[in-house]
Structures are given as C-alpha cells and as structure tokens.
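coords_21.txt (compact mmCIF, C-alpha atoms) appears below.
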# COMPACT_ATOMS: atom_id res chain seq x y z
CA MET A 526 105.74 92.73 115.19
CA ARG A 527 106.40 90.03 112.65
CA GLY A 528 106.04 87.41 115.40
CA TRP A 529 102.58 88.68 116.29
CA ALA A 530 101.56 88.63 112.64
CA ALA A 531 102.80 85.08 112.16
CA GLY A 532 101.00 83.98 115.32
CA GLY A 533 97.79 85.59 114.11
CA LEU A 534 98.00 83.81 110.78
CA LEU A 535 98.56 80.48 112.48
CA LEU A 536 95.58 81.11 114.78
CA LEU A 537 93.39 82.07 111.84
CA TRP A 538 94.49 78.95 109.97
CA GLY A 539 93.64 76.78 112.94
CA VAL A 540 90.20 78.35 113.33
CA CYS A 541 89.44 77.89 109.65
CA ASN A 542 90.44 74.24 109.83
CA THR A 543 88.35 73.76 112.96
CA PHE A 544 85.17 75.01 111.27
CA SER A 545 85.93 73.99 107.68
CA LEU A 546 83.68 70.92 107.97
CA GLU A 547 80.37 71.07 109.80
CA ILE A 548 78.19 68.04 110.58
CA LYS A 549 74.60 67.99 111.82
CA VAL A 550 72.54 65.07 113.14
CA ASN A 551 69.35 64.55 115.13
CA PRO A 552 70.33 64.37 118.82
CA GLU A 553 67.55 61.89 119.67
CA VAL A 554 65.65 59.44 117.51
CA ARG A 555 62.83 57.09 118.57
CA ALA A 556 61.81 53.98 116.66
CA PHE A 557 59.95 50.68 117.09
CA VAL A 558 60.95 47.03 117.14
CA ASP A 559 60.93 45.23 113.74
CA GLU A 560 60.67 48.52 111.86
CA GLN A 561 63.15 50.70 109.95
CA VAL A 562 64.69 53.96 111.12
CA THR A 563 66.75 56.57 109.29
CA LEU A 564 69.68 58.18 111.06
CA LYS A 565 70.14 61.53 109.36
CA CYS A 566 73.55 63.13 108.95
CA SER A 567 74.22 66.24 106.88
CA PHE A 568 77.57 67.94 106.32
CA ARG A 569 79.00 71.07 104.77
CA SER A 570 82.55 71.26 103.48
CA PHE A 571 84.38 74.31 102.20
CA SER A 572 86.60 72.14 99.99
CA PRO A 573 85.45 70.52 96.74
CA ILE A 574 84.13 67.02 97.24
CA THR A 575 86.46 64.37 95.86
CA GLU A 576 86.71 60.60 95.86
CA LYS A 577 88.82 60.89 99.00
CA LEU A 578 85.75 61.85 101.05
CA THR A 579 84.90 59.25 103.68
CA VAL A 580 81.91 58.64 105.96
CA ASP A 581 82.11 56.50 109.08
CA TRP A 582 79.27 55.55 111.41
CA THR A 583 80.12 54.12 114.81
CA TYR A 584 77.94 52.63 117.51
CA GLN A 585 78.24 52.34 121.28
CA PRO A 586 75.67 50.26 123.21
CA LEU A 587 73.45 51.92 125.77
CA THR A 588 75.11 49.90 128.50
CA GLY A 589 78.52 51.20 127.42
CA GLY A 590 81.42 49.13 126.21
CA HIS A 591 83.49 49.06 123.06
CA THR A 592 82.67 51.45 120.20
CA GLN A 593 82.39 49.64 116.89
CA THR A 594 82.37 50.86 113.29
CA ILE A 595 79.16 49.72 111.63
CA PHE A 596 79.37 51.54 108.28
CA HIS A 597 82.04 53.00 106.00
CA PHE A 598 81.68 54.94 102.77
CA GLN A 599 84.28 55.97 100.21
CA SER A 600 82.90 56.23 96.69
CA VAL A 601 80.82 53.14 97.49
CA ALA A 602 79.09 51.87 100.63
CA TYR A 603 80.71 49.30 102.91
CA PRO A 604 78.11 48.10 105.45
CA ALA A 605 79.11 45.98 108.41
CA VAL A 606 79.91 42.38 107.49
CA ALA A 607 79.96 41.17 111.09
CA GLY A 608 78.22 41.90 114.35
CA THR A 609 74.59 42.58 115.19
CA PHE A 610 74.15 45.12 112.35
CA ARG A 611 75.28 42.78 109.58
CA GLY A 612 72.88 42.90 106.64
CA ARG A 613 70.63 45.51 108.29
CA ILE A 614 72.24 48.83 107.29
CA LEU A 615 71.32 50.68 104.10
CA TRP A 616 73.04 53.70 102.58
CA VAL A 617 70.39 56.37 101.93
CA GLY A 618 72.70 59.38 101.66
CA ASN A 619 73.77 61.54 98.75
CA ILE A 620 77.31 62.90 98.94
CA GLY A 621 76.65 65.47 96.23
CA LYS A 622 73.92 67.00 98.40
CA GLY A 623 75.87 66.80 101.63
CA ASP A 624 73.85 63.86 102.94
CA ALA A 625 75.55 61.00 104.80
CA SER A 626 72.45 59.31 106.25
CA ILE A 627 71.97 55.59 106.81
CA ALA A 628 68.95 53.40 107.59
CA ILE A 629 68.76 50.44 109.96
CA GLN A 630 66.25 47.66 109.28
CA ASN A 631 64.57 45.15 111.59
CA LEU A 632 65.27 47.06 114.77
CA THR A 633 65.67 45.25 118.08
CA LEU A 634 65.92 46.40 121.67
CA ASN A 635 69.64 45.62 121.52
CA ASP A 636 70.09 48.49 119.02
CA ASN A 637 69.56 51.10 121.74
CA GLY A 638 72.67 53.22 122.04
CA THR A 639 74.67 56.13 120.66
CA PHE A 640 75.55 56.54 116.97
CA THR A 641 78.24 58.89 115.69
CA CYS A 642 78.59 60.24 112.14
CA ALA A 643 82.11 61.26 111.04
CA VAL A 644 82.88 62.83 107.65
CA LYS A 645 86.30 63.67 106.24
CA ASN A 646 86.90 65.52 103.00
CA PRO A 647 90.67 66.18 102.75
CA PRO A 648 91.99 68.71 103.46
CA ASP A 649 88.82 69.27 105.56
CA VAL A 650 89.24 66.69 108.30
CA HIS A 651 88.54 68.71 111.45
CA HIS A 652 84.92 68.92 112.51
CA ASN A 653 82.53 68.64 115.41
CA ILE A 654 81.54 65.15 116.60
CA PRO A 655 77.73 65.04 116.85
CA GLN A 656 75.96 62.01 118.29
CA THR A 657 72.52 60.49 117.88
CA LYS A 658 70.87 58.63 120.74
CA LEU A 659 68.58 55.91 119.40
CA THR A 660 65.74 54.61 121.57
CA VAL A 661 63.95 51.49 120.34
CA THR A 662 60.71 50.39 122.02
CA HIS A 663 57.73 48.15 121.32
CA ARG A 664 54.86 49.84 119.53
CA ARG A 665 51.88 50.34 121.84
CA PHE A 666 48.82 48.15 121.39
CA SER A 667 46.57 51.19 120.93
CA SER A 668 48.64 52.34 117.98
CA GLN A 669 48.48 48.89 116.41
CA LEU A 670 44.71 48.77 116.98
CA MET A 671 44.25 52.19 115.42
CA SER A 672 46.26 51.12 112.38
CA ALA A 673 44.12 47.99 112.02
CA VAL A 674 40.89 50.02 112.31
CA LEU A 675 42.01 52.50 109.67
CA LEU A 676 43.02 49.68 107.36
CA SER A 677 39.64 48.00 107.83
CA ILE A 678 37.81 51.24 107.03
CA LEU A 679 39.81 51.74 103.86
CA VAL A 680 39.11 48.17 102.75
CA PHE A 681 35.40 47.76 103.65
CA LEU A 682 34.05 51.30 103.20
CA PRO A 683 34.00 51.19 99.37
CA SER A 684 32.18 47.83 99.47
CA ALA A 685 29.58 49.18 101.91
CA ILE A 686 28.93 52.20 99.68
CA VAL A 687 28.38 49.95 96.66
CA VAL A 688 25.91 47.77 98.58
CA ILE A 689 23.96 50.83 99.79
CA LEU A 690 23.75 52.23 96.25
CA LEU A 691 22.47 48.88 94.95
CA LEU A 692 19.79 48.74 97.66
CA VAL A 693 18.67 52.30 96.87
CA ARG A 694 18.45 51.47 93.18
CA MET A 695 16.41 48.34 93.84
CA GLY A 696 14.06 50.30 96.11
CA ARG A 697 13.44 52.89 93.41
CA LYS A 698 12.81 50.20 90.85
CA PHE A 699 10.17 48.55 93.05
CA GLY A 700 8.59 51.99 93.62
CA VAL A 701 8.31 52.55 89.88
CA LEU A 702 6.66 49.15 89.38
CA LYS A 703 4.17 49.88 92.14
CA HIS A 704 3.30 53.29 90.69
CA GLN A 705 2.79 51.83 87.22
CA LYS A 706 0.49 49.17 88.63
CA LYS A 707 -1.73 51.68 90.43
CA SER A 708 -1.95 54.09 87.47
CA GLY A 709 -3.26 51.47 85.05
CA TYR A 710 -0.03 51.06 83.20
CA LYS A 711 -0.21 48.36 80.52
CA LYS A 712 1.18 45.21 81.91
CA SER A 713 4.26 43.73 80.45
CA SER A 714 4.91 40.04 80.06
CA ILE A 715 6.83 40.09 83.35
CA GLU A 716 3.90 41.79 85.16
CA VAL A 717 1.50 39.26 83.68
CA SER A 718 3.66 36.55 85.18
CA ASP A 719 3.45 38.40 88.52
CA ASP A 720 -0.39 38.32 88.32
CA GLU A 721 -0.27 34.63 87.71
CA LEU A 722 1.80 34.28 90.83
CA GLU A 723 -0.70 36.41 92.76
CA HIS A 724 -3.68 34.22 91.75
CA SER A 725 -1.92 30.96 92.37
CA GLU A 726 -3.22 28.77 95.09
CA PRO A 727 -1.77 29.79 98.47
CA GLY A 728 -0.93 26.24 99.42
CA THR A 729 1.34 25.63 96.44
CA CYS A 730 5.02 26.53 96.26
CA LEU A 731 4.34 28.95 93.40
CA GLY A 732 1.59 30.64 95.41
CA LYS A 733 3.80 31.12 98.46
CA MET A 734 6.56 32.63 96.33
CA GLY A 735 4.13 35.01 94.66
CA THR A 736 2.67 36.14 97.99
CA TRP A 737 6.17 36.83 99.34
CA CYS A 738 7.21 38.86 96.27
CA LEU A 739 4.01 40.94 96.29
CA HIS A 740 4.43 41.61 99.98
CA CYS A 741 7.98 42.93 99.37
CA VAL A 742 6.74 45.32 96.66
CA ASP A 743 3.72 46.56 98.65
CA THR A 744 5.83 47.46 101.68
CA ASP A 745 7.93 49.99 99.72
CA GLU A 746 6.82 53.60 99.94
CA GLU A 747 5.58 55.22 96.77
CA GLU A 748 7.97 57.75 95.29
CA PRO A 749 6.41 61.02 94.10
CA TYR A 750 6.82 61.96 90.45
Produce structure tokens that represent the structure in this file.
Amino acid sequence: MRGWAAGGLLLLWGVCNTFSLEIKVNPEVRAFVDEQVTLKCSFRSFSPITEKLTVDWTYQPLTGGHTQTIFHFQSVAYPAVAGTFRGRILWVGNIGKGDASIAIQNLTLNDNGTFTCAVKNPPDVHHNIPQTKLTVTHRRFSSQLMSAVLLSILVFLPSAIVVILLLVRMGRKFGVLKHQKKSGYKKSSIEVSDDELEHSEPGTCLGKMGTWCLHCVDTDEEEPY
C-alpha cells in the first residue's frame, strides 16, 4: 500500500514539473524584406520569478542544418555577436509580465526558418517546446503603390482644400464688387482707378490690362443677397 502511495506521489510530482512552466508562441509569422518583425513569446511560471530566469531563442534555417542560439537573456539581454543576426535582434519582452518576445530588424530572405523560445525559471525548468515558422517575402508592388497613393493623398489633400477655399473667397469678393457697381454704390478710390483702366485706350498696355480685369469680373455670376 505504501509503495502505491509513494509511486502516486512521484507521478504527481512529475506531472506538476511537466506543466509548471507553460510557453506560448505564434506558430507562423509572415514578414517582408527590409522590415522589422516581432516574434512573440509568452510564458507562465508557478514559481516566483528570480534573477535565475533565463530566455534562449534558437534558429534553424529553412533548408535545415545546425541550430544556433541567436539570443540569450538573464537579467539583461545578450543578442548574438556573430552570425547573420548580429546587430539585428532587439529585446522587446518584459519578464515581469511573462513576455519573452524579441524583434528582428532588416529582414532578408535568408531569415526564413524555425525559431524556438525556451524559458527556464528554476525550479521550473520543464516545459513544452513551441516553435515559430518565419516566412519572409518581398512586399507586392500593389501594396507599395497603395501606400504611396495614401501618402500622396495625406500630403496634397490639405493643400488642395486651401486652394479651393481661396478661389471661392475670391469669387465671392468679385461678386460683391459687381453687385456694388450695378446698384450705384459710391465708388472707392480703387474703383475709380478701375474706371480709368476701363476708359484707357485699347491699344495701350494699361488699356489691355483694364479690359482683361473687367472681363474677369463680368464673367462671375451675381450672388443673391
């Protein structure tokens, strides 16, 4: 009887250790060349987090081959100092919140492969081994064109609105001048100058300018008051 009890306790202890640390990642991640991607990794430990906690990210190329450690964390981040990922990995996690994520900058097609996130928080060292498959491709031309069109709209639309408002304001101003002229409004010094332009000889430069200005005003529709 005692043997069965001892065996049950050992089995229970093994099960608890097996599930004492749980890790979750995104199974598949897609990204584009020359951009940045975040590889998310979250964990849950039943033991208090201490300075002994470690995070290790490993990478295996899509074509297979040797698995290499590209990132290590223990109190501080230790990115890869050699290999193709040197200088391109950022620590974006937060151990206090159970986040062990990293980011990879300036992606290339050679980054395609499988990434593994491993977390150990002694005595919690047994956990599942989730993997993330990263697929890096070139961004499609249509997507780039759409981004350029949206950027152009955001840049030029405000300027176009301002120009339209200015034209509307100028049109109303010319309409007011025309209405005042027809209703016998007392001429100002500016309007007197306009009459001088109107009666100037057509062949002179001043006469041509006056004719053109009067033609612009007369073509505007009269606004009702």
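Here the question is which of A:Gly700, A:Pro647, A:Pro683, A:Gly612 gets nearest to Gln630 in chain A using all atoms listed in the file, and that residue is A:Gly612.
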Practice prompt. Report the distance between CA of Arg664 in chain A and CA of Ile629 in chain A in Å, rounded to one decimal place.
Written response: 16.9 Å
Discussion item. Would you pick out the contacts of Glu576 in chain A at 10 Å or less, using all atoms listed in the file, so that residues sharing its chain but fewer than 5 positions from it are not included, and give the list as a PyMOL selection string?
Written reply: chain A and resi 599-601+646-647
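Here CA of Lys645 in chain A and CA of Leu546 in chain A stand 7.9 Å from one another.
Here CA of Ala556 in chain A stands at a distance of 4.9 Å from CA of Val661 in chain A.
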Worksheet entry | From A:Ile614, A:Leu587, A:Ile627, A:Ala643, residue lying nearest Phe568 in chain A [all atoms listed in the file] | A:Ala643
Selection near range 571-575 of chain A, 12 Å with only C-alpha atoms, sequence-local residues under 5 positions removed, as a PDB file with C-alpha atoms, in the frame of the given file:
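The resulting file, selection.pdb, is shown below:
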ATOM      1  CA  CYS A 541      89.440  77.890 109.650  1.00  0.00           C
ATOM      2  CA  ASN A 542      90.440  74.240 109.830  1.00  0.00           C
ATOM      3  CA  THR A 543      88.350  73.760 112.960  1.00  0.00           C
ATOM      4  CA  PHE A 544      85.170  75.010 111.270  1.00  0.00           C
ATOM      5  CA  SER A 545      85.930  73.990 107.680  1.00  0.00           C
ATOM      6  CA  LEU A 546      83.680  70.920 107.970  1.00  0.00           C
ATOM      7  CA  GLU A 547      80.370  71.070 109.800  1.00  0.00           C
ATOM      8  CA  GLN A 599      84.280  55.970 100.210  1.00  0.00           C
ATOM      9  CA  SER A 600      82.900  56.230  96.690  1.00  0.00           C
ATOM     10  CA  ASN A 619      73.770  61.540  98.750  1.00  0.00           C
ATOM     11  CA  ILE A 620      77.310  62.900  98.940  1.00  0.00           C
ATOM     12  CA  GLY A 621      76.650  65.470  96.230  1.00  0.00           C
ATOM     13  CA  LYS A 622      73.920  67.000  98.400  1.00  0.00           C
ATOM     14  CA  GLY A 623      75.870  66.800 101.630  1.00  0.00           C
ATOM     15  CA  VAL A 644      82.880  62.830 107.650  1.00  0.00           C
ATOM     16  CA  LYS A 645      86.300  63.670 106.240  1.00  0.00           C
ATOM     17  CA  ASN A 646      86.900  65.520 103.000  1.00  0.00           C
ATOM     18  CA  PRO A 647      90.670  66.180 102.750  1.00  0.00           C
ATOM     19  CA  PRO A 648      91.990  68.710 103.460  1.00  0.00           C
ATOM     20  CA  ASP A 649      88.820  69.270 105.560  1.00  0.00           C
ATOM     21  CA  VAL A 650      89.240  66.690 108.300  1.00  0.00           C
ATOM     22  CA  HIS A 651      88.540  68.710 111.450  1.00  0.00           C
ATOM     23  CA  HIS A 652      84.920  68.920 112.510  1.00  0.00           C
TER      24      HIS A 652
END
Practice prompt. Name the residues in contact with Arg613 in chain A at a cut-off of 12 Å, using all atoms listed in the file, excluding same-chain residues fewer than 4 positions from it; report them as a PyMOL selection string.
Written response: chain A and resi 559-563+595-596+604-609+627-633+636
Worksheet item: Restricting the calculation to all atoms listed in the file, which member of A:Ile548, A:Phe681, A:Lys565, A:Leu690 is positioned closest to Asn653 in chain A?
Response: A:Ile548
Discussion item. Using all atoms listed in the file, list the residues that have an atom at most 12 Å from (69.3, 64.4, 118.4), coordinates as in the file, as a ChimeraX atom specification.
Written reply: /A:549-555,564-566,639-642,655-660
